[in-house]
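Engineer: Have a look at this one.
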Amino acid sequence: MKFTLSWLKDHLETEASLDQITEKLTALGLEVEGVQDRSKELAPFRVAHVVSADKHPDADKLRVLVVDTGTEKLQVVCGAPNARAGLKGVFAAEGAYIPGSDITLKKGVIRGVESNGMMCSKRELKLSDEHDGIIELPDDAPVGASYAEYAGLSDPVIDINLTPDRADCAGVRGIARDLAAAGLGRLKPLTEGRLNAAPVAGSFPSPIGVTIEALDACPLYVGRTIRGVTNGPSPQWMQDKLLAIGLRPISALVDITNYVTFDVARPLHAFDADKVKGGIIVRMAREGESLTALNGKDYTLDPSMVVIADHERAEALGGIIGGEDSGCTETTTTLFLEAAIFDTVRVAQAGRRLGVESDARYRLERGVDPAAVVEGVERATRLILEICGGEASDLVIAGAEPNWRRTLTLRPGRVKSLGGVDLNHDQQTRILTDLGFTIEGEEDDGSLRVGVPSWRADVHGEADLVEEVLRVNGFDAIPATPLPRDTVLARPALTLKQRRVASARRALAARGLSEAVTWSFLASATAALFGASHEGLRLVNPISSDLDVMRPSILPNLIQAAGRNADRGYADVRLFEVGAAFRSPAPDGQDSVAAGIRAGAAVPRHWAEKTRPVDVFDAKADALAALEAAGAPTANLQVTADAPAWYHPGRSGVLRLGPTVMARFGEIHPSVLDTLGVKGPVVGFEVMLDAIPLPKKKGGTAKPMVQLSAFQPIERDFAFLVGQDVEADKILRAAKGADKALVKDATLFDVYQGMGVGEGRKSVAVSVTYQPTTATLTDEAIEAVGQKIVAAVIKATGGSLRG
C-alpha cells in the first residue's frame with residue numbers, strides 16, 4: 001500500500017515529521033517497507049528557458065538550442081518536435097542521472113555539434129509514458145528553480161506492508177485513523193474540502209435500473225447515472241497523487257474511481273451508460289461466457305464467477321475488473337457509477353483462477369466497509385460533478401446492507417492480564433473511541449460494552465480489543481518480565497527427536513548434498529508412482545491443478561528438481577530434504593523423513609581421477625551417514641532386497657533393525673525416470689527418522705567412558721568362496737560375531753567372479769581387525785581367532801576358505 005505524505009495530510013491534521021510518522025506506522029503494525037523521496041531523485045533537474053532554437057547544420061530533425069539555466073547559458077542539441085525559442089522546460093545538466101532512461105548524462109557531440117545536457121520529456125523523468133516532446137512549463141515558471149519543488153513532486157511516497165486482516169488500511173483514511181489514535185494528530189471529518197461525502201440530491205430518475213439475481217454473491221449494489229459530463233484529463237493534484245503511487249492517469253472519470261479506491265478503500269467502477277443495454281443485472285456467469293477486460297485480455301468465465309451484465313452480455317467481472325466494451329473513454333458523456341459488496345471468497349477464487357490482479361480485487365477479497373457503499377458513491381459523485389460537470393440522478397439501490405453490527409465485552413483488567421500493561425479505564429476508552437469503536441454501556445462489574453465499527457471485520461472477541469489497546473498504546477511499552485526458572489540449569493529447548501533432524505541435516509550437508517525445500521504436495525499421477533493410494537491425501541482446494549495430492553515420498557520432488565537442473569546444464573546434482581511424507585490423513589499417517597538424491601557423475605571429470613556414474617552404494621553410504629548422525633545403531637542393521645517399486649529391483653535395498661524399516665536406498669527405476677522426464681542414472685535414499693529407537697537410559701544420560709586399548713591392533717585378510725547369491729553382509733556379520741571380545745571391525749575390500757572360482761560362485765575378500773585389551777596377542781591366539789572366523793563364515797554361508 002503506497003501513499004504520499006501530502007495525501008496522508010488530506011485526512012490527518014498533524015505537525016509530525018516524516019520520520020515520526022514512519023516510526024509510528026511500524027509500531028502500529030503497519031510496517032514501513034520503504035520511503036521514496038522524489039525530490040532527491042529529481043534534484044538535478046531545473047526550470048530552464050530556451051533562448052534560441054536553430055536548425056542543426058547536418059540533421060533535419062535536430063535543433064541546436066541555447067538554454068538559460070538561471071546560472072549560465074548552454075548549447076544543447078535536441079530532437080523534440082516542440083523544441084522552440086521562448087519555451088520553458090526542464091533541463092538536466094552534465095552528470096545528471098535520468099531515471100526514465102537509466103543513463104547518466106555526459107557532454108557529447110551530436111552530428112558534429114557539441115551538446116551540454118538535455119531538455120527532458122515526462123517519460124525521462126518517470127512522470128508518465130508521454131515522450132512525444134519535451135515538457136512545456138507556463139511562462140511564469142521561475143528559471144533556475146528546482147523542478148521538483150515547482151511541480152510539487154517533493155512529496156515523499158511511503159510504502160507499507162499491509163497484513164491481510166487490516167483491510168481498513170488499504171485506504172489512506174484507515175492509516176490516518178490509526179495515526180490519530182496513536183496521538184500523531186487529528187483525523188479530519190469527511191466534510192472538509194475534497195473529503196466531502198455529503199449526499200448529492202438527484203435531479204432525475206436513473207434510466208438504468210439494477211437487478212441482483214445472486215444475492216449471496218452480491219448482497220448490496222448501489223449506482224447512479226450522471227449525464228452531461230466532459231471526460232478530459234483529471235486535475236494535476238489528482239494526477240500527481242496517482243503517479244506517485246505508480247498509477248498511470250487515464251482520464252478524469254477513471255482517475256476519480258482509482259483515487260477513491262486508494263483514498264478510502266472503496267472500489268468503484270464507471271460504465272459508459274450509452275453502451276449499457278437495458279439495465280444492470282448482477283448474476284453468476286454462464287458456462288463458456290467470455291469477457292474482454294480493461295487490460296485488453298479475453299477471459300472465459302464459468303458459473304462460479306460473479307458478473308455485472310446488461311441485458312445482452314457480461315460487462316464486468318464482479319469485484320475484480322471492468323469490461324473494455326463498456327469502459328469510459330474521452331467521448332463518454334453519460335456514465336453509470338457503481339459501488340457494491342461482493343462475496344470475498346468468490347472474488348478471491350475467480351481472481352486466482354483467471355490470474356487477474358487488480359486494486360479492486362485486492363480490497364474486495366479482504367473485505368471492504370459494508371456501511372460505506374453509499375458514502376463512496378456520494379464522494380465520487382461530488383468529485384465528478386466538480387471536475388467533469390454534469391447532472392446526477394437519484395441513487396439506485398439493490399439489495400441491503402449486510403448486518404455487520406456486533407457488540408463485544410471488554411473487562412478492563414484483561415489488558416493487564418493478557419498484555420502486561422496497566423492502563424486505566426479512561427485510557428482504554430480513549431484509544432478504542434479514537435479507532436472508531438463505540439462505548440455502548442458499562443456493566444456493574446466495570447466491563448465495557450464495545451460496539452465494533454463497520455470497517456473492522458477482523459475484530460471478533462475480547463482478546464482482539466485488548467490487542468487494539470496494546471497496539472495503539474505501543475507494544476514497546478509492554479515491560480520485559482523474565483519467566484520463572486524452577487532449576488539452576490536451563491532445560492534443553494529441543495527434544496532428542498528434534499536434535500536428530502538437525503544432526504541428519506548437518507551430516508548430509510557435510511557429504512556434499514545441497515538442502516532443498518520443495519512443496520509438500522505433487523501431481524496425483526506422480527504420487528501414484530511412489531505408492532500413494534489413500535484417497536484422503538487428495539487436496540480439496542489445491543493451489544494448482546498439478547499439485548493436488550499430499551506427497552507420499554520426498555523423492556519425486558527432488559528428482560524433478562534434478563531434471564530441471566539438468567535441462568539448464570547442471571547434470572551432476574546432489575540434493576536432500578528433511579520433511580514430512582504422508583501415508584494417510586490420520587494423525588499418525590505422517591512420517592519425518594530425511595531423503596536425498598544423486599544424479600549424474602559421482603566423480604567429476606579430472607585428469608588425475610577416473611570418473612564414474614552414481615550408483616547404489618553412494619545412496620547406501622548417504623543413508624548410513626544420516627542414520628548414524630541421528631543416533632541409529634548402524635552396526636546392528638541388516639540389509640534386505642525388498643525395496644519399493646520405485647527403486648531398481650536389482651540395485652536397491654532396505655536397512656532394517658529387526659522388522660523395522662530404518663531406511664530405503666537404491667537406483668531409481670528407469671520407468672519412473674522416463675515418466676518424470678529425467679535422464680538417469682539417479683540414486684536416492686529415504687531415512688525414517690521417527691523409526692530410530694530412543695536410547696535406553698542406564699544410570700543417567702551421560703555417554704559411557706571411552707575404552708582405549710594400550711595394545712597394537714592387528715589386521716588379517718580372508719578370502720572366501722561362496723555362492724554368487726550370498727550377500728557380503730552375511731560374511732561380515734559372521735566375522736564380527738566370531739569373537740566379540742577381540743574382533744573390532746570387518747570390512748569388504750574385494751569381490752571377484754570369473755576364472756578360477758567356478759561357475760555360480762564368487763570370491764569375497766574381507767579385512768578383519770583384532771583389538772586386544774588385556775595383553776599382546778600371541779601367534780597361537782591369533783591363529784585361534786582366525787579359525788573361529790573361518791568356521792563362523794562357513795556355517796553362515798556354506799562357503800569355504802579360498803586357498
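Following the order of the C-alpha cells, first chain is A, next is B, and so on, with residues numbered from 1 inside each chain and ligands from 1 in the order they appear.
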Can you list, as an MDAnalysis selection string, every protein, DNA or RNA residue that comes within 7 Å of A:Leu555 when you count only C-alpha atoms, leaving out same-chain residues fewer than 2 positions away?

Structural biologist: chainID A and resid 553 557:559 595:596

Engineer: Excluding stretch 262-271 of chain A and its own-chain neighbours fewer than 3 positions away, which residues fall within 6 Å of it when counting only C-alpha atoms? Please give them as an NGL selection string.

Structural biologist: :A and (170-173 or 257 or 259 or 326-328 or 335-339 or 360)

Engineer: Looking at A:Asp325, A:Asp54, A:Glu378, A:Asp394, which one is nearest to A:Leu294, with distances taken over only C-alpha atoms?

Structural biologist: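 Checking each candidate against A:Leu294, we get A:Asp325 as the closest.
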
Engineer: DSSP on the backbone: what in stretch 525-593 of chain A comes out helix (DSSP H, G or I), as a list in words?

Structural biologist: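 So, restricting stretch 525-593 of chain A to helix (DSSP H, G or I), we get Ala525, Thr526, Ala527, Ala528, Leu529, Glu535, Gly536, Leu537, Leu555, Pro556, Asn557, Leu558, Ile559, Gln560, Ala561, Ala562, Gly563, Arg564, Asn565, Ala566 and Asp567 of chain A.
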
Engineer: Quick one: write out the picked residues with N, CA and C atoms as a compact mmCIF listing (two decimals), in the first residue's frame?

Structural biologist:
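So the final result, stored in again-v6.txt, reads:
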# COMPACT_ATOMS: atom_id res chain seq x y z
N ALA A 525 -0.71 -38.22 -10.51
CA ALA A 525 -0.08 -39.25 -11.34
C ALA A 525 1.33 -39.56 -10.86
N THR A 526 2.05 -38.54 -10.43
CA THR A 526 3.39 -38.76 -9.90
C THR A 526 3.33 -39.46 -8.55
N ALA A 527 2.38 -39.05 -7.71
CA ALA A 527 2.24 -39.68 -6.40
C ALA A 527 1.96 -41.17 -6.53
N ALA A 528 1.21 -41.57 -7.56
CA ALA A 528 0.91 -42.99 -7.75
C ALA A 528 2.17 -43.80 -8.03
N LEU A 529 3.16 -43.19 -8.65
CA LEU A 529 4.42 -43.90 -8.92
C LEU A 529 5.17 -44.21 -7.64
N GLU A 535 -7.13 -42.17 -0.71
CA GLU A 535 -7.89 -41.08 -1.32
C GLU A 535 -7.93 -39.85 -0.41
N GLY A 536 -7.74 -40.05 0.90
CA GLY A 536 -7.76 -38.93 1.82
C GLY A 536 -6.60 -37.97 1.68
N LEU A 537 -5.59 -38.34 0.89
CA LEU A 537 -4.44 -37.47 0.68
C LEU A 537 -4.69 -36.45 -0.43
N LEU A 555 11.09 -38.00 -2.55
CA LEU A 555 11.94 -38.25 -3.71
C LEU A 555 11.44 -37.65 -5.02
N PRO A 556 10.15 -37.75 -5.37
CA PRO A 556 9.74 -37.25 -6.69
C PRO A 556 10.01 -35.75 -6.88
N ASN A 557 9.80 -34.95 -5.85
CA ASN A 557 10.08 -33.53 -5.98
C ASN A 557 11.57 -33.28 -6.19
N LEU A 558 12.43 -34.06 -5.48
CA LEU A 558 13.87 -33.90 -5.64
C LEU A 558 14.32 -34.37 -7.02
N ILE A 559 13.73 -35.47 -7.50
CA ILE A 559 14.10 -35.98 -8.82
C ILE A 559 13.73 -34.97 -9.90
N GLN A 560 12.54 -34.38 -9.80
CA GLN A 560 12.13 -33.38 -10.78
C GLN A 560 13.01 -32.14 -10.70
N ALA A 561 13.45 -31.78 -9.50
CA ALA A 561 14.37 -30.65 -9.36
C ALA A 561 15.70 -30.96 -10.04
N ALA A 562 16.17 -32.21 -9.91
CA ALA A 562 17.40 -32.61 -10.60
C ALA A 562 17.22 -32.54 -12.11
N GLY A 563 16.03 -32.91 -12.59
CA GLY A 563 15.76 -32.82 -14.02
C GLY A 563 15.79 -31.40 -14.52
N ARG A 564 15.22 -30.47 -13.75
CA ARG A 564 15.24 -29.06 -14.15
C ARG A 564 16.67 -28.52 -14.18
N ASN A 565 17.49 -28.95 -13.21
CA ASN A 565 18.88 -28.53 -13.22
C ASN A 565 19.62 -29.08 -14.43
N ALA A 566 19.35 -30.35 -14.77
CA ALA A 566 19.99 -30.96 -15.93
C ALA A 566 19.61 -30.24 -17.21
N ASP A 567 18.34 -29.82 -17.31
CA ASP A 567 17.89 -29.09 -18.50
C ASP A 567 18.62 -27.76 -18.66

Engineer: Can you list, as a list in words, every protein, DNA or RNA residue that comes within 9 Å of A:Leu242 when you count only C-alpha atoms, leaving out same-chain residues fewer than 5 positions away?

Structural biologist: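 Residues meeting the cut-off are Phe3, Trp237, Leu247, Arg248, Pro249, Asp255, Asn258 and Tyr259 of chain A.
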
Engineer: Output N, CA and C atoms of each residue in that selection to a file, as a short mmCIF file (atom, residue, chain, number, x, y, z; two decimals), in the first residue's frame.

Structural biologist:
data_model
loop_
_atom_site.label_atom_id
_atom_site.label_comp_id
_atom_site.auth_asym_id
_atom_site.auth_seq_id
_atom_site.Cartn_x
_atom_site.Cartn_y
_atom_site.Cartn_z
N PHE A 3 1.27 5.57 -0.48
CA PHE A 3 0.59 6.86 -0.38
C PHE A 3 1.66 7.92 -0.15
N TRP A 237 -3.47 17.90 -9.31
CA TRP A 237 -3.28 17.37 -7.96
C TRP A 237 -3.62 15.89 -7.89
N LEU A 247 0.38 4.66 -10.44
CA LEU A 247 -0.76 4.52 -11.33
C LEU A 247 -0.67 5.53 -12.46
N ARG A 248 -1.03 5.11 -13.66
CA ARG A 248 -0.97 6.00 -14.82
C ARG A 248 -2.30 6.73 -14.98
N PRO A 249 -2.28 8.06 -14.95
CA PRO A 249 -3.53 8.81 -15.18
C PRO A 249 -4.07 8.49 -16.58
N ASP A 255 -9.68 8.18 -13.35
CA ASP A 255 -8.80 8.60 -12.27
C ASP A 255 -9.57 8.83 -10.97
N ASN A 258 -10.14 5.49 -9.33
CA ASN A 258 -8.89 4.99 -8.75
C ASN A 258 -8.53 5.78 -7.50
N TYR A 259 -8.73 7.07 -7.54
CA TYR A 259 -8.40 7.92 -6.40
C TYR A 259 -9.23 7.52 -5.17
#

Engineer: Enter the distance from atom CA of A:Leu522 to atom CA of A:Gly351, in Å, rounded to one decimal.

Structural biologist: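 Atom-to-atom, atom CA of A:Leu522 to atom CA of A:Gly351, that is 22.9 Å.
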
Engineer: Nearest residue to A:Arg449 out of A:Tyr570, A:Phe437, A:Tyr647, A:Phe718, using only C-alpha atoms?

Structural biologist: A:Phe437

Engineer: Please report the interatomic distance between atom CA of A:Ala625 and atom CA of A:Ala504 in Å with one decimal.

Structural biologist: 7.9 Å

Engineer: Between A:Thr225, A:Gln590, A:Thr433, A:Gln638, which is the closest to A:Ser206 once you count only C-alpha atoms?

Structural biologist: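 Of all the options, A:Thr225 lies closest to A:Ser206.
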
Engineer: For atom CA of A:Ala16 and atom CA of A:Leu184, determine how far apart the two atoms are, in Å to one decimal place.

Structural biologist: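 Interatomic distance here is 6.4 Å.
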
Engineer: Mind checking which residues fall within 10 Å of A:Lys497, counting only C-alpha atoms, ignoring those fewer than 4 positions away in the same chain, and posting them as a PyMOL selection string?

Structural biologist: chain A and resi 501-503+592+630-631+689-690+692-694

Engineer: Nearest to A:Met119 among A:Val603, A:Ala626, A:Val222, A:Val64, with distances taken over only C-alpha atoms: which residue is it?

Structural biologist: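 So, comparing all the options, the nearest one is A:Val64.
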
Engineer: Ranking A:Phe530, A:Phe711, A:Tyr770, A:Phe576 by minimum distance to A:His669 and counting only C-alpha atoms, which one comes first?

Structural biologist: A:Phe530

Engineer: Name all residues at most 12 Å from A:Arg346 (count only C-alpha atoms; drop same-chain ones fewer than 4 positions away) and give them as a list of chain:residue names.

Structural biologist: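 Counting only the stated atoms, we get A:Ala214, A:Asp216, A:Ala217, A:Cys218, A:Met284, A:Ala285, A:Asp302, A:Pro303, A:Ser304, A:Met305, A:Val306, A:Val307, A:Leu317, A:Gly318, A:Gly319, A:Ile320, A:Ile341, A:Phe342, A:Ala350, A:Gly351, A:Arg352, A:Arg353, A:Arg361, A:Leu364, A:Glu365, A:Arg366, A:Gly367.
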
Engineer: Can you tell me, as a short mmCIF file (atom, residue, chain, number, x, y, z; two decimals) with C-alpha atoms, in the first residue's frame, what residues are no more than 7 Å from A:Pro370 when counting only C-alpha atoms, ignoring any on the same chain fewer than 2 positions away?

Structural biologist:
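In the end it all went to result-v5.cif:
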data_model
loop_
_atom_site.label_atom_id
_atom_site.label_comp_id
_atom_site.auth_asym_id
_atom_site.auth_seq_id
_atom_site.Cartn_x
_atom_site.Cartn_y
_atom_site.Cartn_z
CA ILE A 341 -20.24 -5.54 -1.87
CA VAL A 368 -14.47 -3.61 2.46
CA ALA A 372 -19.65 2.94 3.25
CA VAL A 373 -21.08 1.83 -0.09
CA GLU A 401 -26.54 -3.58 3.72
CA PRO A 402 -25.30 -6.77 5.48
CA SER A 454 -18.16 -1.47 10.23
#
